[in-house]
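Novice: Pasting in a structure now, in structure tokens, and then I'll have a few things to ask.
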Amino acid sequence: MNTGPIKDLGRTFDLVADAYDAARPGYPDEVYRALSELSGVELDGATTVDVGAGTGIMTHALRARGSHVIAVDPGEAMLARLVSKAGRPNGTRVSALLADGNALPLADEVADLVTYAQSWHWLDPVASIAEARRVLRPKGAIVGCWNLNHAAQAEWLAAYEARLAAEVPAYWGPAVEQWSVPPIAAAFEVIEERWIPWTRLIGIDDFLLDLRSHSYMAALSAQRADEVVERQRAALREEFPEGVLSVPMRVYLAVGR
């Protein structure tokens, strides 16, 4: 959970905004189908507040499916990349607010959906949900989702996570015994949960660029982060000399009405 001011969190992720924008994975189509099915909200025409939008992975995917999206994030560099995508040939127009998800600068009952894609665990668990309820219309829904490496499905991936746990003091992931998905389900009166498996095919260099985008890596000095990445690169290239990884993934999706 978040242990410091949101503005500090924004600065932390701004440090790794380039890596985040270039290498974080998107969500498979099944996530958006399940989101609509479980919430009862049609994405086409819905107004969605995407809290902790980052560089816009979910923001632009929802907009491409017809939603009007209001992106909220405390990181200036992260939001700048989100907005810049609107000018690309395949980009989409969005509204972007530099703001804290614990205190949304929005009127009451303006949204059909409030989404937290890879972000709710950084917020206050009570204040954030109270704000989501405030800005939602009566039949609206709150959605949390996390894209996770499914380390139990591949020995090489479990070994990769174990190396991170051994080398990175702030690491939080499947190699830590206490690790679990964020407890967003406990914040709702009514909850639907779903696990959605998928496979990510990615080159080793991009996989390690994704690694650099995580907060526990941003907490390291530049030299220390480089050392961690290079040791991981050596181990992965030894096991996969062709340089391509098939990464078992799964999305945890939680929807509250």
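Chain labels A, B, ... are given in the sequence in which chains occur in the structure tokens; within each chain residues are numbered consecutively from 1, and ligands are likewise numbered from 1 in the order shown.
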Using only C-alpha atoms, which residues sit within 8 Å of Gln118 of chain A once same-chain residues fewer than 5 positions away are excluded, as an mmCIF file with N, CA, C and O atoms, in the first residue's frame?
Specialist:
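Written file, selection_32.cif:
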data_model
loop_
_atom_site.group_PDB
_atom_site.id
_atom_site.type_symbol
_atom_site.label_atom_id
_atom_site.label_comp_id
_atom_site.auth_asym_id
_atom_site.auth_seq_id
_atom_site.Cartn_x
_atom_site.Cartn_y
_atom_site.Cartn_z
ATOM 1 N N GLY A 52 -4.912 6.889 -11.643
ATOM 2 C CA GLY A 52 -3.562 6.351 -11.744
ATOM 3 C C GLY A 52 -3.298 5.904 -13.161
ATOM 4 O O GLY A 52 -2.743 4.833 -13.400
ATOM 5 N N GLY A 144 -10.929 -2.624 -10.559
ATOM 6 C CA GLY A 144 -9.495 -2.708 -10.310
ATOM 7 C C GLY A 144 -8.915 -3.862 -11.108
ATOM 8 O O GLY A 144 -9.523 -4.936 -11.180
ATOM 9 N N CYS A 145 -7.759 -3.653 -11.735
ATOM 10 C CA CYS A 145 -7.118 -4.767 -12.447
ATOM 11 C C CYS A 145 -5.608 -4.638 -12.371
ATOM 12 O O CYS A 145 -5.060 -3.538 -12.312
ATOM 13 N N TRP A 146 -4.965 -5.803 -12.363
ATOM 14 C CA TRP A 146 -3.513 -5.873 -12.286
ATOM 15 C C TRP A 146 -3.012 -6.929 -13.268
ATOM 16 O O TRP A 146 -3.508 -8.060 -13.284
ATOM 17 N N ASN A 147 -2.020 -6.548 -14.064
ATOM 18 C CA ASN A 147 -1.331 -7.451 -14.978
ATOM 19 C C ASN A 147 -0.158 -8.064 -14.207
ATOM 20 O O ASN A 147 0.731 -7.334 -13.745
#
Novice: Which residues are close to Tyr20 of chain A, i.e. within 8 Å by only C-alpha atoms, leaving aside same-chain residues fewer than 5 positions away? Reply as a ChimeraX atom specification.
Specialist: /A:55,209-210,212-214
Novice: Hey, what's within 12 Å of Ser128 of chain A if we count only C-alpha atoms and toss same-chain stuff fewer than 5 positions away? As number ranges by chain, please?
Specialist: A: 2, 6, 51-52, 100-104, 114-116, 119-123, 133-135, 142, 144, 184, 187-188
Novice: So that I have them on file, write out the residues from the current selection with N, CA and C atoms, as a tab-separated table (two decimals), in the first residue's frame.
Specialist:
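Printed below is again26.tsv as written:
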chain	number	residue	atom	x	y	z
A	2	ASN	N	0.27	2.40	-0.30
A	2	ASN	CA	1.01	3.65	-0.35
A	2	ASN	C	1.53	4.02	1.03
A	6	ILE	N	1.23	11.26	-2.17
A	6	ILE	CA	0.98	10.94	-3.56
A	6	ILE	C	1.90	11.73	-4.48
A	51	VAL	N	-8.14	6.22	-12.87
A	51	VAL	CA	-7.33	6.76	-11.77
A	51	VAL	C	-5.96	6.09	-11.74
A	52	GLY	N	-4.91	6.89	-11.64
A	52	GLY	CA	-3.56	6.35	-11.74
A	52	GLY	C	-3.30	5.90	-13.16
A	100	ASP	N	-4.72	13.72	-7.48
A	100	ASP	CA	-4.60	12.62	-6.52
A	100	ASP	C	-5.89	11.80	-6.53
A	101	GLY	N	-5.76	10.50	-6.67
A	101	GLY	CA	-6.93	9.63	-6.67
A	101	GLY	C	-7.66	9.57	-5.35
A	102	ASN	N	-7.04	10.08	-4.28
A	102	ASN	CA	-7.72	10.15	-2.99
A	102	ASN	C	-8.61	11.38	-2.86
A	103	ALA	N	-8.49	12.32	-3.81
A	103	ALA	CA	-9.29	13.55	-3.79
A	103	ALA	C	-9.52	13.99	-5.23
A	104	LEU	N	-10.47	13.35	-5.88
A	104	LEU	CA	-10.69	13.59	-7.30
A	104	LEU	C	-11.30	14.98	-7.53
A	114	VAL	N	-15.25	3.89	-12.70
A	114	VAL	CA	-13.97	4.37	-12.17
A	114	VAL	C	-13.02	3.18	-12.22
A	115	THR	N	-11.91	3.34	-12.94
A	115	THR	CA	-10.97	2.23	-13.10
A	115	THR	C	-9.65	2.54	-12.41
A	116	TYR	N	-9.08	1.47	-11.86
A	116	TYR	CA	-7.73	1.52	-11.28
A	116	TYR	C	-6.93	0.42	-11.97
A	119	SER	N	-3.01	0.42	-10.14
A	119	SER	CA	-2.78	1.66	-9.39
A	119	SER	C	-3.40	1.72	-8.01
A	120	TRP	N	-4.49	1.00	-7.76
A	120	TRP	CA	-5.23	1.23	-6.51
A	120	TRP	C	-4.39	0.99	-5.27
A	121	HIS	N	-3.44	0.07	-5.33
A	121	HIS	CA	-2.64	-0.27	-4.16
A	121	HIS	C	-1.76	0.89	-3.68
A	122	TRP	N	-1.62	1.94	-4.50
A	122	TRP	CA	-0.86	3.11	-4.08
A	122	TRP	C	-1.72	4.13	-3.33
A	123	LEU	N	-3.01	3.93	-3.31
A	123	LEU	CA	-3.93	4.92	-2.75
A	123	LEU	C	-4.41	4.53	-1.36
A	133	ARG	N	-16.99	6.30	-5.27
A	133	ARG	CA	-18.45	6.24	-5.09
A	133	ARG	C	-19.09	7.62	-5.31
A	134	ARG	N	-18.39	8.65	-4.86
A	134	ARG	CA	-18.94	10.00	-5.00
A	134	ARG	C	-19.10	10.41	-6.46
A	135	VAL	N	-18.12	10.09	-7.30
A	135	VAL	CA	-18.17	10.55	-8.69
A	135	VAL	C	-18.96	9.61	-9.60
A	142	ILE	N	-17.01	0.25	-10.00
A	142	ILE	CA	-15.58	0.46	-9.71
A	142	ILE	C	-14.83	-0.78	-10.18
A	144	GLY	N	-10.93	-2.62	-10.56
A	144	GLY	CA	-9.50	-2.71	-10.31
A	144	GLY	C	-8.91	-3.86	-11.11
A	184	ILE	N	-8.51	-5.06	-2.95
A	184	ILE	CA	-9.57	-4.15	-3.36
A	184	ILE	C	-10.95	-4.79	-3.17
A	187	ALA	N	-13.09	-3.77	-0.30
A	187	ALA	CA	-13.60	-2.40	-0.25
A	187	ALA	C	-15.01	-2.27	-0.79
A	188	PHE	N	-15.57	-3.35	-1.33
A	188	PHE	CA	-16.89	-3.28	-1.96
A	188	PHE	C	-17.92	-4.09	-1.17
Novice: Tell me which of A:Leu97, A:Ala107, A:Ala152, A:Ala165 sits closest to Ala132 of chain A, counting only C-alpha atoms.
Specialist: A:Ala107
Novice: Using only C-alpha atoms, which protein or nucleic acid residues come within 6 Å of Ile70 of chain A? Drop anything in the same chain fewer than 6 positions from it, and give the result as a list in words.
Specialist: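 The filter keeps Val49, Ser95 and Ala96 of chain A.
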Novice: Could you find all residues in segment 48-232 of chain A that DSSP calls strand (DSSP E or B) from the backbone, and write them as JSON, numbers by chain?
Specialist: {"A": [48, 49, 50, 51, 68, 69, 70, 71, 72, 73, 95, 96, 97, 98, 111, 112, 113, 114, 115, 116, 117, 136, 137, 138, 139, 140, 141, 142, 143, 144, 145, 146, 147, 148, 149, 191, 192, 193, 194, 195, 196, 197, 198, 199, 200, 201, 202, 203]}
Novice: Could you dump the residues just selected with N, CA and C atoms as a compact mmCIF listing (two decimals), in the first residue's frame?
Specialist:
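Saved as selection12.txt:
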# COMPACT_ATOMS: atom_id res chain seq x y z
N THR A 48 -15.64 7.26 -18.26
CA THR A 48 -14.77 6.51 -17.35
C THR A 48 -13.72 7.43 -16.75
N VAL A 49 -13.54 7.36 -15.45
CA VAL A 49 -12.44 8.04 -14.77
C VAL A 49 -11.36 6.98 -14.53
N ASP A 50 -10.22 7.15 -15.19
CA ASP A 50 -9.12 6.20 -15.08
C ASP A 50 -8.11 6.76 -14.09
N VAL A 51 -8.14 6.22 -12.87
CA VAL A 51 -7.33 6.76 -11.77
C VAL A 51 -5.96 6.09 -11.74
N HIS A 68 -15.60 7.87 -23.22
CA HIS A 68 -14.98 9.16 -22.92
C HIS A 68 -14.21 8.97 -21.63
N VAL A 69 -12.89 9.19 -21.67
CA VAL A 69 -12.05 8.87 -20.52
C VAL A 69 -11.43 10.13 -19.94
N ILE A 70 -11.55 10.25 -18.62
CA ILE A 70 -10.87 11.30 -17.86
C ILE A 70 -9.72 10.62 -17.13
N ALA A 71 -8.50 10.91 -17.56
CA ALA A 71 -7.31 10.28 -16.98
C ALA A 71 -6.80 11.12 -15.82
N VAL A 72 -6.55 10.46 -14.68
CA VAL A 72 -6.08 11.14 -13.48
C VAL A 72 -4.77 10.50 -13.04
N ASP A 73 -3.73 11.33 -12.82
CA ASP A 73 -2.45 10.79 -12.37
C ASP A 73 -1.66 11.90 -11.67
N SER A 95 -9.12 13.36 -21.85
CA SER A 95 -8.99 14.45 -20.89
C SER A 95 -8.00 13.99 -19.83
N ALA A 96 -7.10 14.85 -19.41
CA ALA A 96 -6.07 14.46 -18.45
C ALA A 96 -6.00 15.46 -17.30
N LEU A 97 -5.98 14.94 -16.07
CA LEU A 97 -5.92 15.78 -14.88
C LEU A 97 -4.73 15.37 -14.02
N LEU A 98 -3.89 16.32 -13.66
CA LEU A 98 -2.80 16.08 -12.71
C LEU A 98 -3.41 16.16 -11.32
N ALA A 111 -19.61 9.89 -13.64
CA ALA A 111 -18.97 8.77 -14.32
C ALA A 111 -19.79 7.50 -14.25
N ASP A 112 -19.63 6.68 -15.28
CA ASP A 112 -20.24 5.34 -15.30
C ASP A 112 -19.27 4.29 -14.74
N LEU A 113 -17.97 4.55 -14.89
CA LEU A 113 -16.94 3.64 -14.40
C LEU A 113 -15.82 4.44 -13.76
N VAL A 114 -15.25 3.89 -12.70
CA VAL A 114 -13.97 4.37 -12.17
C VAL A 114 -13.02 3.18 -12.22
N THR A 115 -11.91 3.34 -12.94
CA THR A 115 -10.97 2.23 -13.10
C THR A 115 -9.65 2.54 -12.41
N TYR A 116 -9.08 1.47 -11.86
CA TYR A 116 -7.73 1.52 -11.28
C TYR A 116 -6.93 0.42 -11.97
N ALA A 117 -6.17 0.76 -12.98
CA ALA A 117 -5.37 -0.23 -13.70
C ALA A 117 -3.94 -0.18 -13.16
N LEU A 136 -19.33 8.44 -9.09
CA LEU A 136 -20.09 7.50 -9.90
C LEU A 136 -21.58 7.83 -9.93
N ARG A 137 -22.19 7.55 -11.06
CA ARG A 137 -23.64 7.61 -11.17
C ARG A 137 -24.23 6.39 -10.45
N PRO A 138 -25.53 6.40 -10.14
CA PRO A 138 -26.13 5.32 -9.33
C PRO A 138 -25.88 3.91 -9.84
N LYS A 139 -25.82 3.70 -11.14
CA LYS A 139 -25.60 2.35 -11.66
C LYS A 139 -24.16 2.15 -12.12
N GLY A 140 -23.26 2.99 -11.65
CA GLY A 140 -21.87 2.89 -12.05
C GLY A 140 -21.13 1.76 -11.34
N ALA A 141 -19.89 1.55 -11.72
CA ALA A 141 -19.09 0.45 -11.16
C ALA A 141 -17.64 0.88 -10.97
N ILE A 142 -17.01 0.25 -10.00
CA ILE A 142 -15.58 0.46 -9.71
C ILE A 142 -14.83 -0.78 -10.18
N VAL A 143 -13.70 -0.56 -10.87
CA VAL A 143 -12.94 -1.65 -11.47
C VAL A 143 -11.48 -1.55 -11.08
N GLY A 144 -10.93 -2.62 -10.56
CA GLY A 144 -9.50 -2.71 -10.31
C GLY A 144 -8.91 -3.86 -11.11
N CYS A 145 -7.76 -3.65 -11.73
CA CYS A 145 -7.12 -4.77 -12.45
C CYS A 145 -5.61 -4.64 -12.37
N TRP A 146 -4.96 -5.80 -12.36
CA TRP A 146 -3.51 -5.87 -12.29
C TRP A 146 -3.01 -6.93 -13.27
N ASN A 147 -2.02 -6.55 -14.06
CA ASN A 147 -1.33 -7.45 -14.98
C ASN A 147 -0.16 -8.06 -14.21
N LEU A 148 -0.13 -9.36 -14.08
CA LEU A 148 0.86 -10.02 -13.21
C LEU A 148 1.60 -11.13 -13.94
N ASN A 149 2.92 -11.21 -13.70
CA ASN A 149 3.65 -12.39 -14.14
C ASN A 149 3.12 -13.61 -13.38
N ILE A 191 -19.01 -7.77 -4.97
CA ILE A 191 -17.76 -7.91 -5.73
C ILE A 191 -17.83 -9.10 -6.67
N GLU A 192 -17.31 -8.89 -7.86
CA GLU A 192 -17.07 -9.99 -8.80
C GLU A 192 -15.58 -10.00 -9.08
N GLU A 193 -14.99 -11.17 -9.05
CA GLU A 193 -13.56 -11.30 -9.32
C GLU A 193 -13.34 -12.31 -10.45
N ARG A 194 -12.30 -12.05 -11.24
CA ARG A 194 -12.00 -12.96 -12.33
C ARG A 194 -10.50 -12.94 -12.62
N TRP A 195 -9.94 -14.11 -12.89
CA TRP A 195 -8.55 -14.23 -13.33
C TRP A 195 -8.56 -14.52 -14.83
N ILE A 196 -7.78 -13.76 -15.58
CA ILE A 196 -7.76 -13.90 -17.03
C ILE A 196 -6.32 -14.20 -17.46
N PRO A 197 -6.05 -15.45 -17.88
CA PRO A 197 -4.68 -15.80 -18.29
C PRO A 197 -4.40 -15.35 -19.72
N TRP A 198 -3.13 -15.03 -19.97
CA TRP A 198 -2.70 -14.73 -21.33
C TRP A 198 -1.19 -14.92 -21.41
N THR A 199 -0.64 -14.85 -22.60
CA THR A 199 0.79 -15.06 -22.79
C THR A 199 1.39 -13.86 -23.51
N ARG A 200 2.49 -13.38 -22.99
CA ARG A 200 3.17 -12.22 -23.59
C ARG A 200 4.45 -12.69 -24.28
N LEU A 201 4.55 -12.47 -25.57
CA LEU A 201 5.76 -12.78 -26.33
C LEU A 201 6.57 -11.49 -26.44
N ILE A 202 7.79 -11.51 -25.91
CA ILE A 202 8.56 -10.27 -25.81
C ILE A 202 10.05 -10.56 -25.85
N GLY A 203 10.81 -9.65 -26.44
CA GLY A 203 12.27 -9.78 -26.44
C GLY A 203 12.85 -9.51 -25.06
Novice: Can you tell me, as a ChimeraX atom specification, which residues in segment 9-82 of chain A count as alpha helix (DSSP H) by DSSP?
Specialist: /A:9-15,17-23,29-39,57-64,76-82
Novice: What's the separation between atom CA of Ser36 of chain A and atom CA of Ala61 of chain A, in Å to one decimal place?
Specialist: 13.3 Å
Novice: For each of A:Val83, A:Ala77, A:Ala175, A:Glu227, take the minimum atom-to-atom distance to Leu157 of chain A, counting only C-alpha atoms, then give the residue where this is smallest.
Specialist: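 Among the listed residues, A:Ala175 lies closest to Leu157 of chain A.
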Novice: Counting only C-alpha atoms, which residues of segment 74-173 of chain A sit at most 12 Å from some atom of segment 217-220 of chain A, and what is each one's closest atom pair with its distance in Å to one decimal, listed by chain and rising residue number, as a Markdown table?
Specialist:
| residue | atom | partner | partner_atom | distance |
| --- | --- | --- | --- | --- |
| A:Leu164 | CA | A:Met217 | CA | 9.6 |
| A:Ala165 | CA | A:Met217 | CA | 11.4 |
| A:Glu167 | CA | A:Met217 | CA | 10.4 |
| A:Val168 | CA | A:Met217 | CA | 7.4 |
| A:Pro169 | CA | A:Leu220 | CA | 8.8 |
| A:Ala170 | CA | A:Ala219 | CA | 7.5 |
| A:Tyr171 | CA | A:Met217 | CA | 7.9 |
| A:Trp172 | CA | A:Met217 | CA | 10.6 |
Novice: Could you give me, as an MDAnalysis selection string, the residues within 9 Å of Ile57 of chain A, counting only C-alpha atoms and dropping anything in the same chain fewer than 4 positions from it?
Specialist: chainID A and resid 21 24:27 53 61:62 82 117
Novice: Ranking A:Pro183, A:Ala130, A:Ile204, A:Val255 by minimum distance to Ser39 of chain A and counting only C-alpha atoms, which one comes first?
Specialist: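 Using only C-alpha atoms, Ser39 of chain A sits closest to A:Val255.
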